[in-house]
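Next comes run-v4.txt, a file with compact mmCIF, C-alpha atoms and all ligand atoms.
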# COMPACT_ATOMS: atom_id res chain seq x y z
CA MET A 22 -25.74 -12.05 -72.23
CA ILE A 23 -22.12 -10.92 -72.60
CA GLU A 24 -23.41 -7.39 -72.13
CA VAL A 25 -25.30 -8.32 -68.94
CA ILE A 26 -22.17 -9.93 -67.49
CA LYS A 27 -20.04 -6.91 -68.37
CA ALA A 28 -22.51 -4.47 -66.75
CA LEU A 29 -22.75 -6.63 -63.64
CA LYS A 30 -18.98 -6.81 -63.35
CA SER A 31 -18.50 -3.05 -63.46
CA GLU A 32 -21.32 -2.62 -60.97
CA ILE A 33 -19.69 -5.08 -58.57
CA ALA A 34 -16.22 -3.58 -59.07
CA SER A 35 -17.44 -0.13 -58.06
CA THR A 36 -19.22 -1.32 -54.89
CA GLU A 37 -17.95 0.21 -51.65
CA ILE A 38 -18.32 -1.83 -48.51
CA ASN A 39 -17.72 -0.18 -45.14
CA SER A 40 -19.74 -2.21 -42.68
CA GLN A 41 -20.87 -5.73 -41.86
CA ASP A 42 -24.37 -4.80 -43.01
CA GLU A 43 -23.15 -3.65 -46.41
CA LEU A 44 -21.05 -6.80 -46.68
CA GLU A 45 -24.07 -8.98 -46.00
CA ALA A 46 -26.19 -7.00 -48.47
CA PHE A 47 -23.47 -7.55 -51.09
CA ARG A 48 -23.47 -11.30 -50.43
CA ILE A 49 -27.25 -11.57 -50.67
CA LYS A 50 -27.44 -9.46 -53.81
CA TYR A 51 -24.71 -11.19 -55.81
CA LEU A 52 -23.48 -14.40 -54.20
CA SER A 53 -26.46 -16.05 -52.47
CA LYS A 54 -28.51 -18.83 -54.02
CA LYS A 55 -31.05 -16.31 -55.19
CA GLY A 56 -28.42 -13.74 -56.06
CA LEU A 57 -27.67 -12.26 -59.46
CA ILE A 58 -24.74 -14.54 -60.20
CA SER A 59 -26.77 -17.69 -59.45
CA LYS A 60 -29.34 -16.29 -61.80
CA LEU A 61 -26.67 -16.01 -64.50
CA PHE A 62 -25.91 -19.70 -64.03
CA GLU A 63 -29.64 -20.39 -64.48
CA ASP A 64 -29.74 -18.31 -67.65
CA PHE A 65 -26.57 -20.05 -68.82
CA LYS A 66 -28.56 -23.27 -69.26
CA SER A 67 -30.49 -21.76 -72.15
CA VAL A 68 -27.40 -20.41 -73.92
CA PRO A 69 -26.89 -22.02 -77.35
CA ASN A 70 -24.19 -24.68 -77.32
CA GLU A 71 -21.77 -22.84 -79.60
CA GLU A 72 -21.68 -19.86 -77.14
CA LYS A 73 -21.52 -21.97 -73.98
CA ARG A 74 -17.72 -22.10 -73.86
CA GLU A 75 -17.17 -18.35 -74.03
CA ILE A 76 -20.09 -17.34 -71.79
CA GLY A 77 -19.41 -20.10 -69.28
CA GLN A 78 -15.89 -18.80 -68.89
CA LYS A 79 -17.13 -15.23 -68.38
CA VAL A 80 -19.75 -16.26 -65.78
CA ASN A 81 -17.16 -18.26 -63.88
CA GLU A 82 -14.71 -15.35 -63.97
CA LEU A 83 -17.41 -13.03 -62.61
CA LYS A 84 -18.21 -15.44 -59.80
CA LEU A 85 -14.53 -15.70 -58.86
CA PHE A 86 -14.07 -11.94 -59.05
CA SER A 87 -17.10 -11.31 -56.81
CA THR A 88 -16.10 -13.96 -54.31
CA ASP A 89 -12.56 -12.53 -54.10
CA LEU A 90 -13.93 -9.04 -53.62
CA TYR A 91 -16.30 -10.28 -50.94
CA ASN A 92 -13.44 -11.98 -49.09
CA THR A 93 -11.20 -8.96 -49.36
CA PHE A 94 -13.84 -6.71 -47.79
CA LYS A 95 -14.61 -9.33 -45.19
CA ASN A 96 -10.96 -9.55 -44.10
CA LYS A 97 -10.62 -5.80 -44.06
CA LEU A 98 -13.61 -5.39 -41.76
CA GLN A 99 -12.33 -8.17 -39.53
CA ASP A 100 -8.92 -6.50 -39.24
CA ASN A 101 -10.51 -3.22 -38.16
CA GLY A 102 -12.53 -5.02 -35.55
CA GLN A 103 -9.50 -6.90 -34.39
CA GLN A 104 -7.51 -3.72 -33.92
CA LEU A 105 -10.02 -2.63 -31.29
CA SER A 106 -9.99 -5.90 -29.43
CA SER A 107 -6.20 -6.28 -29.72
CA ILE A 108 -5.83 -3.74 -26.86
CA ASP A 109 -4.84 -5.70 -23.78
CA PHE A 110 -6.82 -4.17 -20.97
CA SER A 111 -5.00 -6.26 -18.38
CA LEU A 112 -1.64 -4.55 -19.04
CA PRO A 113 -0.43 -2.29 -16.19
CA GLY A 114 -1.16 1.41 -16.82
CA GLU A 115 1.31 4.23 -17.32
CA PRO A 116 2.57 5.08 -13.84
CA ILE A 117 1.58 8.55 -12.59
CA LYS A 118 4.40 10.10 -10.60
CA LEU A 119 3.21 11.20 -7.19
CA GLY A 120 4.69 14.29 -5.63
CA LYS A 121 5.77 14.40 -2.01
CA ARG A 122 5.67 16.95 0.70
CA HIS A 123 8.92 18.82 1.19
CA PRO A 124 11.04 17.55 4.12
CA ILE A 125 10.59 20.93 5.80
CA SER A 126 6.80 20.60 5.59
CA GLN A 127 6.99 17.04 6.90
CA THR A 128 9.18 18.09 9.82
CA ARG A 129 6.98 21.07 10.63
CA GLN A 130 3.92 18.82 10.68
CA GLU A 131 5.65 16.37 12.99
CA ILE A 132 6.57 19.14 15.44
CA VAL A 133 3.07 20.66 15.29
CA ASP A 134 1.56 17.23 16.02
CA ILE A 135 3.81 16.72 19.06
CA PHE A 136 2.78 20.02 20.62
CA ALA A 137 -0.87 19.51 19.65
CA ARG A 138 -0.86 16.39 21.85
CA ILE A 139 -0.15 18.54 24.92
CA GLY A 140 -2.73 21.16 24.11
CA PHE A 141 -0.89 23.73 21.98
CA THR A 142 -2.94 25.35 19.22
CA ILE A 143 -1.55 27.08 16.09
CA ALA A 144 -1.48 30.75 15.18
CA GLU A 145 0.33 32.64 12.44
CA GLY A 146 1.57 36.15 11.85
CA PRO A 147 2.76 38.23 8.87
CA GLU A 148 6.22 37.82 7.31
CA ILE A 149 6.52 41.57 6.70
CA GLU A 150 6.51 43.23 10.09
CA ASP A 151 7.02 46.59 11.72
CA ASP A 152 9.75 47.43 14.20
CA TRP A 153 7.47 47.09 17.22
CA HIS A 154 6.54 43.41 16.75
CA VAL A 155 10.04 42.22 15.80
CA PHE A 156 12.19 44.40 18.09
CA SER A 157 10.74 47.10 20.35
CA GLY A 158 7.85 45.07 21.74
CA LEU A 159 10.37 42.33 22.52
CA ASN A 160 12.62 44.57 24.57
CA PHE A 161 15.39 44.99 21.97
CA PRO A 162 17.38 48.09 22.89
CA GLU A 163 17.69 50.86 20.30
CA GLU A 164 21.32 50.02 19.50
CA HIS A 165 20.92 46.21 19.34
CA PRO A 166 22.96 44.74 16.44
CA ALA A 167 19.91 42.84 15.11
CA ARG A 168 18.50 46.22 14.13
CA ASP A 169 21.50 46.69 11.85
CA MET A 170 20.96 46.54 8.08
CA GLN A 171 23.68 43.92 8.05
CA ASP A 172 21.48 41.47 9.96
CA THR A 173 17.97 42.39 8.94
CA PHE A 174 16.31 42.85 5.56
CA PHE A 175 14.61 46.22 5.79
CA ILE A 176 11.87 47.06 3.32
CA HIS A 177 11.33 50.60 4.50
CA LYS A 178 13.06 52.92 6.94
CA LYS A 179 11.22 55.45 9.14
CA PRO A 180 8.76 53.99 9.74
CA ASP A 181 10.62 50.68 9.72
CA TYR A 182 9.18 47.76 7.83
CA LEU A 183 11.21 44.58 7.57
CA LEU A 184 11.15 40.86 6.91
CA ARG A 185 10.76 39.30 10.34
CA THR A 186 14.00 37.85 11.66
CA HIS A 187 12.22 35.46 14.03
CA THR A 188 8.73 34.15 14.75
CA SER A 189 8.88 35.80 18.20
CA SER A 190 7.03 38.67 16.50
CA VAL A 191 3.92 36.48 16.62
CA GLN A 192 4.32 36.28 20.43
CA VAL A 193 3.76 40.03 20.62
CA ARG A 194 0.76 39.93 18.27
CA VAL A 195 -0.87 37.13 20.25
CA MET A 196 -0.16 38.68 23.67
CA GLU A 197 -1.65 41.97 22.50
CA THR A 198 -4.91 40.35 21.47
CA THR A 199 -5.35 37.33 23.75
CA ASN A 200 -6.00 37.06 27.46
CA PRO A 201 -4.02 34.35 29.30
CA PRO A 202 -3.96 31.42 29.58
CA ILE A 203 -2.13 31.20 26.23
CA ARG A 204 -0.76 27.90 24.94
CA GLN A 205 0.13 28.26 21.29
CA ILE A 206 2.74 27.56 18.65
CA PHE A 207 3.53 29.78 15.67
CA PRO A 208 5.18 28.13 12.65
CA GLY A 209 6.57 30.37 9.93
CA ARG A 210 9.29 31.58 7.62
CA VAL A 211 11.95 33.98 8.84
CA PHE A 212 14.63 36.01 7.07
CA ARG A 213 18.15 37.08 8.01
CA ASN A 214 20.79 38.91 6.08
CA GLU A 215 23.33 36.12 6.50
CA ALA A 216 25.95 34.53 4.29
CA ILE A 217 24.69 31.20 2.93
CA SER A 218 26.74 28.19 4.04
CA SER A 219 26.21 24.52 4.87
CA ARG A 220 24.87 25.56 8.28
CA SER A 221 22.92 28.74 7.66
CA HIS A 222 20.65 30.29 5.07
CA CYS A 223 19.07 33.72 4.66
CA ILE A 224 15.59 32.17 4.65
CA PHE A 225 14.60 29.51 7.12
CA HIS A 226 11.72 28.25 9.23
CA GLN A 227 10.94 28.42 12.91
CA ILE A 228 8.25 27.20 15.25
CA GLU A 229 7.70 29.53 18.15
CA GLY A 230 6.04 28.34 21.33
CA LEU A 231 4.35 30.51 23.95
CA TYR A 232 2.83 29.38 27.24
CA ILE A 233 1.43 31.97 29.66
CA ASP A 234 -0.61 31.17 32.74
CA THR A 235 -0.46 31.54 36.52
CA ASN A 236 2.46 29.73 38.17
CA VAL A 237 4.36 28.76 35.01
CA SER A 238 7.96 27.96 35.97
CA PHE A 239 11.26 27.14 34.30
CA ALA A 240 10.68 23.51 35.31
CA ASP A 241 7.56 23.51 33.08
CA LEU A 242 9.66 24.79 30.20
CA LYS A 243 12.33 22.17 30.74
CA GLN A 244 9.86 19.29 30.93
CA THR A 245 7.96 20.52 27.90
CA LEU A 246 11.18 20.62 25.87
CA LEU A 247 12.29 17.21 27.15
CA TYR A 248 8.91 15.72 26.22
CA PHE A 249 9.20 17.32 22.79
CA SER A 250 12.75 16.02 22.20
CA LYS A 251 11.87 12.47 23.24
CA GLU A 252 8.77 12.41 21.07
CA LEU A 253 10.77 13.66 18.10
CA PHE A 254 14.07 11.80 18.42
CA GLY A 255 13.09 8.81 20.58
CA PRO A 256 12.91 8.00 24.33
CA GLN A 257 16.72 7.78 24.69
CA THR A 258 17.21 11.42 23.70
CA GLU A 259 19.25 13.66 25.96
CA ILE A 260 19.00 17.41 25.99
CA ARG A 261 21.35 20.06 27.30
CA LEU A 262 20.32 23.56 28.35
CA ARG A 263 22.98 26.25 28.21
CA PRO A 264 22.49 29.70 29.76
CA SER A 265 22.07 32.29 27.05
CA PHE A 266 20.65 35.72 26.41
CA PHE A 267 17.63 37.04 24.54
CA PRO A 268 16.24 40.52 25.21
CA PHE A 269 12.70 39.17 25.62
CA THR A 270 13.33 36.24 28.00
CA GLU A 271 14.85 36.14 31.46
CA PRO A 272 16.42 33.74 32.25
CA SER A 273 17.26 32.53 28.76
CA ALA A 274 18.75 29.30 27.49
CA GLU A 275 19.74 27.49 24.34
CA MET A 276 18.90 23.83 24.01
CA ASP A 277 21.09 21.20 22.38
CA VAL A 278 20.35 17.58 21.49
CA TYR A 279 22.84 14.83 20.71
CA CYS A 280 24.05 15.10 17.12
CA THR A 281 22.29 12.25 15.32
CA ILE A 282 24.60 12.58 12.32
CA CYS A 283 27.78 11.49 14.10
CA GLY A 284 26.15 9.93 17.18
CA GLY A 285 27.92 12.40 19.42
CA LYS A 286 31.43 11.57 18.14
CA GLY A 287 31.91 14.93 16.46
CA CYS A 288 31.42 16.00 12.85
CA THR A 289 31.29 19.15 10.74
CA VAL A 290 27.57 19.60 11.37
CA CYS A 291 27.94 19.72 15.17
CA LYS A 292 31.32 21.44 14.86
CA TYR A 293 32.94 18.47 16.65
CA THR A 294 31.01 19.09 19.87
CA GLY A 295 28.64 16.11 19.60
CA PHE A 296 25.69 18.37 20.26
CA LEU A 297 23.48 20.42 17.99
CA GLU A 298 21.72 23.57 19.01
CA ILE A 299 18.07 23.36 17.99
CA LEU A 300 16.27 26.07 19.88
CA GLY A 301 16.39 29.17 22.03
CA CYS A 302 14.07 29.54 24.99
CA GLY A 303 13.42 31.24 28.31
CA MET A 304 10.89 32.73 30.70
CA VAL A 305 9.05 35.63 29.07
CA ASP A 306 10.57 38.85 30.42
CA PRO A 307 8.03 40.67 32.66
CA ALA A 308 8.75 43.86 30.70
CA VAL A 309 7.54 42.10 27.52
CA LEU A 310 4.37 40.88 29.25
CA GLU A 311 3.66 44.40 30.50
CA SER A 312 4.26 46.12 27.18
CA SER A 313 1.77 43.72 25.57
CA GLY A 314 -0.80 44.46 28.29
CA ILE A 315 -0.45 41.33 30.43
CA ASP A 316 -0.23 41.60 34.22
CA SER A 317 3.28 40.34 35.04
CA ILE A 318 2.50 39.95 38.77
CA LYS A 319 -0.35 37.55 38.10
CA TYR A 320 1.06 35.75 35.08
CA THR A 321 4.35 34.13 34.11
CA GLY A 322 5.21 32.26 30.97
CA PHE A 323 7.82 30.62 28.82
CA ALA A 324 8.68 30.86 25.15
CA PHE A 325 10.85 28.92 22.76
CA GLY A 326 11.86 29.16 19.12
CA ILE A 327 12.76 25.98 17.22
CA GLY A 328 14.72 25.96 13.96
CA ILE A 329 12.91 23.56 11.61
CA GLU A 330 15.85 23.15 9.22
CA ARG A 331 18.10 22.05 12.05
CA ILE A 332 15.57 19.43 13.13
CA ALA A 333 15.06 18.18 9.57
CA MET A 334 18.85 17.88 9.16
CA LEU A 335 19.08 15.83 12.33
CA LEU A 336 16.08 13.63 11.53
CA TYR A 337 17.08 12.88 7.95
CA GLN A 338 20.86 13.15 8.35
CA ILE A 339 21.26 15.99 5.90
CA ASN A 340 24.67 17.62 6.20
CA ASP A 341 24.07 20.77 4.15
CA ILE A 342 21.15 23.14 4.71
CA ARG A 343 21.32 24.30 1.08
CA PHE A 344 19.86 20.98 -0.14
CA LEU A 345 16.60 22.05 1.50
CA PHE A 346 16.31 25.11 -0.73
CA GLU A 347 17.58 23.89 -4.10
CA ASN A 348 14.53 21.72 -4.82
CA ASP A 349 16.57 19.18 -6.73
CA ILE A 350 14.05 16.45 -7.48
CA ARG A 351 16.67 13.73 -6.88
CA PHE A 352 17.09 15.03 -3.34
CA LEU A 353 13.40 15.58 -2.63
CA GLU A 354 12.39 12.12 -3.88
CA GLN A 355 14.20 10.55 -0.93
CA PHE A 356 11.72 11.72 1.69
N1 LIG B 1 13.64 34.25 18.59
C1 LIG B 1 14.84 33.60 19.02
C2 LIG B 1 15.74 33.40 17.79
O1 LIG B 1 15.28 33.45 16.70
C3 LIG B 1 14.56 32.28 19.63
C4 LIG B 1 13.77 32.37 20.89
C5 LIG B 1 12.41 32.26 20.90
C6 LIG B 1 14.42 32.57 22.11
C7 LIG B 1 11.68 32.33 22.06
C8 LIG B 1 13.73 32.64 23.28
C9 LIG B 1 12.36 32.52 23.27
O2 LIG B 1 16.91 33.18 17.89

Please go through the file and, once you have read it, give me the structure as structure tokens.
Ligand code: PHE
Amino acid sequence: MIEVIKALKSEIASTEINSQDELEAFRIKYLSKKGLISKLFEDFKSVPNEEKREIGQKVNELKLFSTDLYNTFKNKLQDNGQQLSSIDFSLPGEPIKLGKRHPISQTRQEIVDIFARIGFTIAEGPEIEDDWHVFSGLNFPEEHPARDMQDTFFIHKKPDYLLRTHTSSVQVRVMETTNPPIRQIFPGRVFRNEAISSRSHCIFHQIEGLYIDTNVSFADLKQTLLYFSKELFGPQTEIRLRPSFFPFTEPSAEMDVYCTICGGKGCTVCKYTGFLEILGCGMVDPAVLESSGIDSIKYTGFAFGIGIERIAMLLYQINDIRFLFENDIRFLEQF
């Protein structure tokens, strides 16, 4: 019988238990009422008295050993199970950082929406242009300083290819291909060979507007710009039109709005004038209409070009244009 106990012990000791099913099988095989250890206790009854002490001890040891082993495996399996259920599904998740649209994009969208409400549709043109669409088609004389390398980024000379210096180039493209009435805006990037400072950058954004129909007057232009300014800056907004000059408009004007940074008191952004220039505008020069194939007796029109950076700076009280190009996340997160 000593031999049987020894064999059983080594069998039990080498048992591997990895699942609840195996654990239960182990219990039934060794520890249940009909299990092998109970059977040993049965057999024990017929052991001669003089051996009872030694064998009894061994059987008891085996029972204890098996029970301990059973409990150890049982706890181990329970722990594994518990690890799964110890995940607290009600805890808040890892936050996912959401990006935002750049303040320039937000401002552009706002301006586009304002003009869309009075029937302007959107068109776009290329950033790399030829001389005709940026200068000649817009009535720029041959010796105009804008045609100087110092002001314009040329890509190729003779024939001239350049980065457009204003979105007015899209005016020409649209007039060449569209019959009036035309009521469109052209948002886009423009490039000028300028020193970078708090007020100007060599890359910036404009929204051009073009309205051509019969009987379009300067009063229409003025009211359109007033509507635009009030929608953008609020009903109290005042505008100021100053006579100006552009080769492609006659008469021409520049429009100012109250400086929202200093409230009109004077600051570095408005150069202590209380006003900020935000756009150039005018009645489309008949010569420009004609050179694009539009009858200047029948049709008149107005055009304007808005600087998006300027507007964004006014809306969000940004006092340095360079912030808009550095893409510092701490700056961008504020919008
Ligand atoms: N293109 C001019 C500029 O960039 C602005 C402008 C547009 C002026 C349309 C008049 C009419 O300065």

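The residue that comes closest to A:Phe212, out of A:Gln244, A:Ser40, A:Asn200, A:Thr173 and on the basis of only C-alpha atoms, is A:Thr173.
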
For ligand LIG 1 (chain B), list the contacting residues at 9 Å or closer, counting all atoms listed in the file, as a PyMOL selection string. chain A and resi 186-190+192+211+227-231+266-271+273-275+300-305+323-328

Calculated over only C-alpha atoms, which of the candidates A:Leu336, A:Ala240, A:Val195, A:Ile315 has the smallest distance to A:Gly255?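 Once distances to A:Gly255 are computed over only C-alpha atoms, the minimum belongs to A:Leu336.
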
Could you tell me how far atom CA of A:Pro147 lies from atom CA of A:His177, in Å and to one decimal?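 Going from atom CA of A:Pro147 over to atom CA of A:His177, I get 15.7 Å.
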
Compile the contact shell of A:Glu330 as a PyMOL selection string: residues with an atom at most 9 Å away, counting only C-alpha atoms, same-chain residues fewer than 3 positions apart removed. chain A and resi 124-125+128+225-227+333-335+342+345

Distance atom CA of A:Asp42-atom CA of A:Lys54, one decimal place? 18.3 Å

Two-atom distance - atom CA of A:Thr294, atom CA of A:Met276 (Å): 13.6 Å

Quick one: residues within 12 Å of A:Phe136, all atoms listed in the file counted, chain neighbours fewer than 4 positions away excluded, as an MDAnalysis selection string? chainID A and resid 129:132 140:143 204:208 228:232 245:250 252:253

A:Ser59, A:Thr281, A:Asn214, A:Asn96 ranked by distance to A:Leu44, top pick (using all atoms listed in the file):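 The closest residue to A:Leu44 is A:Asn96.
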